[in-house]
Amino acid sequence: MHVVRIKRRHGEREYETVLIRQSYRDGPSVKNRTLANLSALPAATIEVIRRSLAGEELVSAHEALTIERSWPHGHVAAVLGTAGKLGLEALLDAEPSRQRDLVLAMVVARILQPASKLATTRLLGTTSLGSLLHVEDASEDELYGAMDWLLARQEQIEGRLAKRYLKSGDVVLYDLSSSYLEGEHCPLARRGHSRDGKPGKLQVEFGLLTNAEGAPIAIEVFAGNTGDPSTFMSQVAKVKERFRVDEVVWVADRGMLTGAQVAKLQEVTGNRWVTALRAPTIKQLVETGTIQLSLFDTQNLLEVTDPAYPGERLVVCFNPLLAEKRAKKREDMLAATEKELAKVAAMVERGAAGGRAGLVGAAAIGERVGRVVNKYEMAKHFIRTITDKSFTYARREESIAKEAALDGFYVLRTNVLAKQLDTAGVVLAYKSLAHVERAFRHFKLSDLEVRPIYHYTEGRVRAHLLLCMLAYLVQRVMQQALAPLLFVDETPPARPDPVGPAPRSAAAKRKDQTKRTADGHPVQSFRTLLATLTTIVKNRVIPRGADAKAAFDMITQPTPLQERAFALLGLSPGSM
C-alpha cells in the first residue's frame, strides 16, 4: 500500500486528490486499487500515514530522545565566560593545571552561590560548572589544596593585576575593613574594633588596594586588633618595591592616613597624597582664622594654606545636605542620651524616697551614669551633677553650638600639585574612596558573603580573602557590562558640583520609576538577573536506541531578556 497524489486542472483552478492505493499482481500484470480517499484529512496526518506506509517507524518526540541529565547553565556561562574574557586563567598561572581549574571554579562559585568548600563541591555537580572545567569530581580536600596553591601565587597574581591596572602617576585608593570568624584557632583572630557590629567576636582585618576606578589590585590580611594607620606604609612599600610603580597619588581617609603616616610618607620620594583632617584640627583652623566660615555663605569650596602645613594645599568643603544630616543625627543622639539619663534620675528619686529599686550613694549613682552617658557618644554635651541622694543633668548648649557651627564642613589635605589635580579634582579624588567602600559592601553585605570565616589556619584565611577579591574583579566587570539591565546609572552625567551629591541621568531616573528598561525588559538587581539566567539549562540528550557515544548537549532557548544579557556580556550560552 502507498499514498499517491493526483492533480487535475479545471480552468484556472487545480485540484489534488490524495488516495491510499494497493498494488497487486493479476497474472503477469501489476494493478492498483484504491482503498481510501485521504483528501479531507489534515496535511500533517496525511504525511504520517505516508511515512508509515513507506516503512518508517514513527515515535513521539519524548520517545525518540532521552534527556539523561540537565544542569543549570546560563549563570555559569555568563560568569565563566566573563572570567575567560578577563584572562583570569592567565592571571592565576601561565601553565594549565588541575589546581588552576579548581581555583577558577571556586572564584566562579563565589559569585554564583557563596558557600563553604564542602557545599561548593556539591555545586560543581549540580550545575554545568564542574563539567565545563572538568572538576565535577573534586573533593573538599582538593579545594583546600587548591587554596594553598593559590596563596603561594598571590604576589605574582597581584603583580599582574598591578601591571594591568596601575601605572606611574595614577591615583591609588586604600582602605581597611574587618570580618568576624567562627572558632578560636586562627592565629590572626583577635578582638578589635568591629565594623560588623559584633564586638564580642574574634575577627581579622583586611586592606584592599584599588586604582582610581575601583579595579582591585591587591588584598592583605592583618590580625583583628591591628590599627588602621599601622597597615598603611606596608602598602606604600608594596606598590613601590613589588609593583615597581614609583610615583602615585595615595588617597585614604583621615583614620588611615594620619599626620604620623603623612610624615613617614614624605620620607618616600615620588609619593603624593590626599587625605582629610579630623574635626579638632578643623576647629583649630577656624579659631586661628585660616578658615573663615562666613566665606561659605556664597560658595561651598575654597582652597587655603596654613603655616602648619608647608607646601600643602587645604581644600575646605561645605555640604549643606551633610550639615542637615549631621544636625539631625546629633539631635537624635542627644534625645536618646537624655532618655537613658532620665531612667537613672528616676532610680535616684526612688532611692531618695526609700524605694527598693532605687539608687543611693554618689558612687553607685556615678557608676550607673557612667554606664549610659556615652552610649551614643554624647557625654561631652552634658553637665552631670551627682550627690548621695540626687542626680541632675543638662545639655551643654555652648558645646553643642560650637560643634554645630562646623556641621557640613570637611577639609582635605594634599601635597598634589595644582597642575596635576585642581581644587575640584582633589575633592573628586577623595570621593573616589567610595569605590573601595562599594567593594567592601559587595564583600560583606551582599553577593560574595565573605563572612563569617570558618577557616582555622592563617594561610586558608588569606586565600579565602584573595578568592573573594578575584570574584569581585569578575563581578565588577559583569555589573558594568550589564548596567542597562540593572538598577544602576550606566551613563552618569558629569558632576557640575564636586561637593554636592552625584547627579543621576534621566535614563536612570526613568528606570527607577518604571522598573523597566528602555527596550521593555524588567530592571533587575545583579543577583536576580543571575537567578534568571539559571533557567537556561544544558541537557544531555541520547537518541532512541543509541548508546552513550551518540549523546549530545542541547541548550535551552534563551528568552529575550536572557539574550539581551548575553549580548551585553559579549557571550553566547551555547559557546561553552
# chains A, B, ... in the order shown; residues from 1 in each chain; ligands from 1
$ select_by_dssp --residues "segment 127-359 of chain A" --states "strand (DSSP E)" --output "VMD selection string"
chain A and resid 171 to 180 203 to 211 216 to 223 248 to 251 271 to 276 301 to 304 313 to 318
$ write_last_selection --atoms "C-alpha atoms" --output "CSV table (one decimal), in the first residue's frame"
chain,number,residue,atom,x,y,z
A,171,VAL,CA,45.6,57.6,42.0
A,172,VAL,CA,45.7,54.6,44.4
A,173,LEU,CA,42.9,54.0,46.8
A,174,TYR,CA,43.4,52.1,50.1
A,175,ASP,CA,41.1,51.3,53.0
A,176,LEU,CA,40.6,48.7,55.7
A,177,SER,CA,37.7,46.6,56.8
A,178,SER,CA,37.2,43.6,59.1
A,179,SER,CA,35.3,40.3,59.2
A,180,TYR,CA,34.4,38.1,62.1
A,203,GLN,CA,37.9,39.0,63.8
A,204,VAL,CA,40.5,39.6,61.1
A,205,GLU,CA,41.1,42.8,59.2
A,206,PHE,CA,41.9,43.1,55.5
A,207,GLY,CA,43.1,46.1,53.4
A,208,LEU,CA,42.1,46.5,49.8
A,209,LEU,CA,44.2,48.3,47.2
A,210,THR,CA,42.5,49.6,44.0
A,211,ASN,CA,43.1,52.1,41.3
A,216,PRO,CA,41.1,45.6,42.7
A,217,ILE,CA,44.8,45.2,42.7
A,218,ALA,CA,45.9,43.7,46.0
A,219,ILE,CA,44.5,42.5,49.3
A,220,GLU,CA,46.2,41.9,52.6
A,221,VAL,CA,45.0,40.3,55.8
A,222,PHE,CA,46.0,41.6,59.2
A,223,ALA,CA,45.4,40.5,62.8
A,248,VAL,CA,51.4,57.5,42.7
A,249,VAL,CA,48.8,59.7,44.5
A,250,TRP,CA,47.7,57.9,47.6
A,251,VAL,CA,44.1,58.5,48.7
A,271,ASN,CA,54.6,59.8,46.6
A,272,ARG,CA,51.8,62.3,47.0
A,273,TRP,CA,48.6,62.0,48.9
A,274,VAL,CA,45.1,63.2,49.6
A,275,THR,CA,43.5,62.7,53.0
A,276,ALA,CA,41.2,64.6,55.3
A,301,LEU,CA,34.5,75.1,48.0
A,302,LEU,CA,37.7,77.1,48.9
A,303,GLU,CA,41.4,76.4,48.9
A,304,VAL,CA,43.6,77.8,51.6
A,313,ARG,CA,47.0,72.6,50.0
A,314,LEU,CA,44.0,72.6,52.2
A,315,VAL,CA,40.7,72.3,50.4
A,316,VAL,CA,37.7,73.4,52.5
A,317,CYS,CA,34.3,72.0,51.5
A,318,PHE,CA,30.8,72.8,52.8
$ closest_atom_pairs --of "segment 386-450 of chain A" --to "segment 366-373 of chain A" --cutoff "10 Å" --atoms "only C-alpha atoms" --output "CSV"
residue,atom,partner,partner_atom,distance
A:Ile386,CA,A:Gly366,CA,6.9
A:Thr387,CA,A:Gly366,CA,8.9
A:Asp388,CA,A:Gly366,CA,9.6
A:Phe391,CA,A:Gly366,CA,8.8
$ closest_atom_pairs --of "segment 136-161 of chain A" --to "segment 111-127 of chain A" --cutoff "12 Å" --atoms "only C-alpha atoms" --output "tab-separated table"
residue	atom	partner	partner_atom	distance
A:Glu136	CA	A:Leu124	CA	5.1
A:Asp137	CA	A:Gly125	CA	7.5
A:Ala138	CA	A:Thr121	CA	6.4
A:Ser139	CA	A:Thr121	CA	6.3
A:Glu140	CA	A:Leu118	CA	5.2
A:Asp141	CA	A:Lys117	CA	8.7
A:Glu142	CA	A:Lys117	CA	9.6
A:Leu143	CA	A:Lys117	CA	6.7
A:Tyr144	CA	A:Lys117	CA	7.6
A:Gly145	CA	A:Lys117	CA	11.1
A:Ala146	CA	A:Lys117	CA	10.9
A:Met147	CA	A:Lys117	CA	10.2
$ residues_around --residues "segment 252-269 of chain A" --least-positions-apart "5" --cutoff "12 Å" --atoms "only C-alpha atoms" --output "VMD selection string"
chain A and resid 171 to 177 207 to 210 212 226 to 237 239 to 241 245 to 247 274 to 279 281 308 to 309 311 to 312 410 to 415 429 to 437
$ atom_distance --atom1 "atom CA of Pro310 of chain A" --atom2 "atom CA of Leu285 of chain A"
14.3 Å
$ select_by_dssp --residues "segment 34-235 of chain A" --states "helix (DSSP H, G or I)" --output "ChimeraX atom specification"
/A:43-53,61-64,74-86,88-92,98-112,117-126,129-133,140-151,154-165,228-235
$ closest_residue --among "A:Tyr393, A:Phe566, A:Phe443, A:Tyr456" --to "Cys468 of chain A" --atoms "only C-alpha atoms"
A:Phe443
$ closest_residue --among "A:Met576, A:Leu465, A:Leu104, A:Ala439" --to "Gly87 of chain A" --atoms "only C-alpha atoms"
A:Leu104
$ residues_around --residues "Lys375 of chain A" --least-positions-apart "5" --cutoff "12 Å" --atoms "only C-alpha atoms" --output "list in words"
Met333, Leu334, Ala335, Ala336, Thr337, Glu338, Lys339, Glu340, Leu341, Arg368, Val369, Gly370 and Lys380 of chain A
$ write_last_selection --atoms "N, CA and C atoms" --output "compact mmCIF listing (two decimals), in the first residue's frame"
# COMPACT_ATOMS: atom_id res chain seq x y z
N MET A 333 20.73 61.66 68.81
CA MET A 333 21.62 61.06 69.81
C MET A 333 21.49 61.77 71.16
N LEU A 334 21.32 63.09 71.13
CA LEU A 334 21.11 63.83 72.38
C LEU A 334 19.83 63.38 73.07
N ALA A 335 18.76 63.25 72.28
CA ALA A 335 17.48 62.82 72.84
C ALA A 335 17.56 61.41 73.41
N ALA A 336 18.28 60.53 72.68
CA ALA A 336 18.43 59.16 73.16
C ALA A 336 19.23 59.12 74.46
N THR A 337 20.26 59.97 74.56
CA THR A 337 21.06 60.02 75.78
C THR A 337 20.23 60.55 76.96
N GLU A 338 19.42 61.58 76.69
CA GLU A 338 18.55 62.12 77.73
C GLU A 338 17.57 61.06 78.23
N LYS A 339 17.09 60.24 77.34
CA LYS A 339 16.17 59.18 77.73
C LYS A 339 16.86 58.20 78.68
N GLU A 340 18.11 57.86 78.40
CA GLU A 340 18.85 56.96 79.28
C GLU A 340 19.13 57.62 80.63
N LEU A 341 19.51 58.90 80.59
CA LEU A 341 19.80 59.60 81.84
C LEU A 341 18.54 59.79 82.68
N ARG A 368 26.42 54.14 87.67
CA ARG A 368 25.30 53.90 86.75
C ARG A 368 25.26 54.95 85.64
N VAL A 369 25.51 56.19 85.99
CA VAL A 369 25.55 57.25 84.96
C VAL A 369 26.66 56.98 83.95
N GLY A 370 27.81 56.55 84.45
CA GLY A 370 28.93 56.27 83.56
C GLY A 370 28.64 55.17 82.56
N LYS A 380 30.13 64.46 76.11
CA LYS A 380 30.77 65.78 76.08
C LYS A 380 29.75 66.91 76.05
$ atom_distance --atom1 "atom CA of Arg564 of chain A" --atom2 "atom CA of Glu490 of chain A"
15.3 Å
$ closest_residue --among "A:Ala36, A:Leu129, A:Leu202, A:Ala345" --to "Tyr454 of chain A" --atoms "only C-alpha atoms"
A:Leu202
$ residues_around --residues "segment 90-103 of chain A" --least-positions-apart "6" --cutoff "10 Å" --atoms "only C-alpha atoms" --output "PyMOL selection string"
chain A and resi 84+109+130+132-136+138+142-150+153-154+156-161+467+470
$ residues_around --residues "Asp497 of chain A" --least-positions-apart "4" --cutoff "9 Å" --atoms "only C-alpha atoms" --output "PDB file with C-alpha atoms, in the first residue's frame"
ATOM      1  CA  ALA A 424      37.695  70.202  42.280  1.00  0.00           C
ATOM      2  CA  PRO A 501      25.721  64.722  45.557  1.00  0.00           C
ATOM      3  CA  ALA A 502      26.345  62.948  42.269  1.00  0.00           C
TER       4      ALA A 502
END
$ decode --residues "segment 383-419 of chain A" --atoms "N, CA and C atoms" --output "CSV table (one decimal), in the first residue's frame"
chain,number,residue,atom,x,y,z
A,383,ILE,N,26.1,68.2,81.2
A,383,ILE,CA,26.6,68.5,82.5
A,383,ILE,C,25.9,67.6,83.5
A,384,ARG,N,26.7,66.9,84.3
A,384,ARG,CA,26.0,66.0,85.3
A,384,ARG,C,26.4,66.4,86.7
A,385,THR,N,25.4,66.4,87.6
A,385,THR,CA,25.6,66.8,89.0
A,385,THR,C,25.1,65.6,89.8
A,386,ILE,N,26.0,65.1,90.7
A,386,ILE,CA,25.7,63.9,91.4
A,386,ILE,C,26.0,64.1,92.9
A,387,THR,N,25.0,63.8,93.8
A,387,THR,CA,25.2,63.8,95.2
A,387,THR,C,24.8,62.4,95.7
A,388,ASP,N,24.8,62.2,97.0
A,388,ASP,CA,24.4,60.9,97.6
A,388,ASP,C,22.9,60.6,97.3
A,389,LYS,N,22.1,61.6,97.2
A,389,LYS,CA,20.7,61.4,97.0
A,389,LYS,C,20.1,62.2,95.8
A,390,SER,N,20.9,62.6,94.9
A,390,SER,CA,20.3,63.4,93.8
A,390,SER,C,21.2,63.2,92.6
A,391,PHE,N,20.6,63.4,91.4
A,391,PHE,CA,21.3,63.3,90.1
A,391,PHE,C,20.5,64.3,89.2
A,392,THR,N,21.2,65.3,88.7
A,392,THR,CA,20.6,66.1,87.7
A,392,THR,C,21.5,66.2,86.5
A,393,TYR,N,21.0,66.6,85.4
A,393,TYR,CA,21.8,66.7,84.1
A,393,TYR,C,21.2,67.8,83.3
A,394,ALA,N,22.0,68.3,82.4
A,394,ALA,CA,21.5,69.4,81.5
A,394,ALA,C,22.5,69.4,80.3
A,395,ARG,N,21.9,69.9,79.2
A,395,ARG,CA,22.8,69.9,77.9
A,395,ARG,C,23.8,71.1,78.1
A,396,ARG,N,25.0,70.9,77.5
A,396,ARG,CA,26.0,72.0,77.4
A,396,ARG,C,25.7,72.7,76.0
A,397,GLU,N,24.8,73.7,76.1
A,397,GLU,CA,24.4,74.3,74.9
A,397,GLU,C,25.6,75.0,74.1
A,398,GLU,N,26.5,75.5,74.9
A,398,GLU,CA,27.7,76.2,74.2
A,398,GLU,C,28.5,75.1,73.4
A,399,SER,N,28.7,74.0,74.0
A,399,SER,CA,29.5,72.9,73.4
A,399,SER,C,28.7,72.4,72.1
A,400,ILE,N,27.4,72.3,72.3
A,400,ILE,CA,26.6,71.8,71.1
A,400,ILE,C,26.7,72.8,70.0
A,401,ALA,N,26.6,74.1,70.3
A,401,ALA,CA,26.6,75.2,69.3
A,401,ALA,C,27.9,75.2,68.6
A,402,LYS,N,29.0,75.1,69.3
A,402,LYS,CA,30.3,75.1,68.7
A,402,LYS,C,30.5,73.9,67.7
A,403,GLU,N,30.0,72.8,68.1
A,403,GLU,CA,30.1,71.6,67.2
A,403,GLU,C,29.2,71.8,66.0
A,404,ALA,N,28.0,72.4,66.2
A,404,ALA,CA,27.0,72.6,65.1
A,404,ALA,C,27.5,73.6,64.1
A,405,ALA,N,28.4,74.5,64.6
A,405,ALA,CA,28.9,75.6,63.6
A,405,ALA,C,29.7,74.9,62.5
A,406,LEU,N,30.3,73.8,62.8
A,406,LEU,CA,31.1,73.1,61.8
A,406,LEU,C,30.4,72.0,61.0
A,407,ASP,N,29.1,71.9,61.3
A,407,ASP,CA,28.3,70.8,60.6
A,407,ASP,C,28.4,71.1,59.0
A,408,GLY,N,28.7,70.0,58.3
A,408,GLY,CA,28.7,70.1,56.9
A,408,GLY,C,30.1,70.5,56.3
A,409,PHE,N,31.0,70.8,57.2
A,409,PHE,CA,32.4,71.2,56.7
A,409,PHE,C,33.3,70.0,56.8
A,410,TYR,N,34.2,69.9,55.8
A,410,TYR,CA,35.3,69.0,55.9
A,410,TYR,C,36.5,69.6,55.1
A,411,VAL,N,37.7,69.2,55.5
A,411,VAL,CA,38.9,69.8,55.0
A,411,VAL,C,39.8,68.7,54.5
A,412,LEU,N,40.2,68.8,53.2
A,412,LEU,CA,41.1,67.8,52.6
A,412,LEU,C,42.5,68.4,52.6
A,413,ARG,N,43.4,67.5,52.9
A,413,ARG,CA,44.8,67.9,52.9
A,413,ARG,C,45.6,67.2,51.9
A,414,THR,N,46.4,67.9,51.1
A,414,THR,CA,47.1,67.2,50.0
A,414,THR,C,48.4,68.0,49.6
A,415,ASN,N,49.3,67.3,49.1
A,415,ASN,CA,50.5,67.9,48.6
A,415,ASN,C,50.6,67.7,47.0
A,416,VAL,N,49.5,67.3,46.4
A,416,VAL,CA,49.5,67.1,45.0
A,416,VAL,C,49.5,68.5,44.3
A,417,LEU,N,50.3,68.7,43.3
A,417,LEU,CA,50.4,70.0,42.6
A,417,LEU,C,49.1,70.3,41.9
A,418,ALA,N,48.8,71.6,41.9
A,418,ALA,CA,47.6,72.1,41.2
A,418,ALA,C,47.5,71.7,39.8
A,419,LYS,N,48.7,71.6,39.1
A,419,LYS,CA,48.7,71.3,37.7
A,419,LYS,C,48.3,69.8,37.5
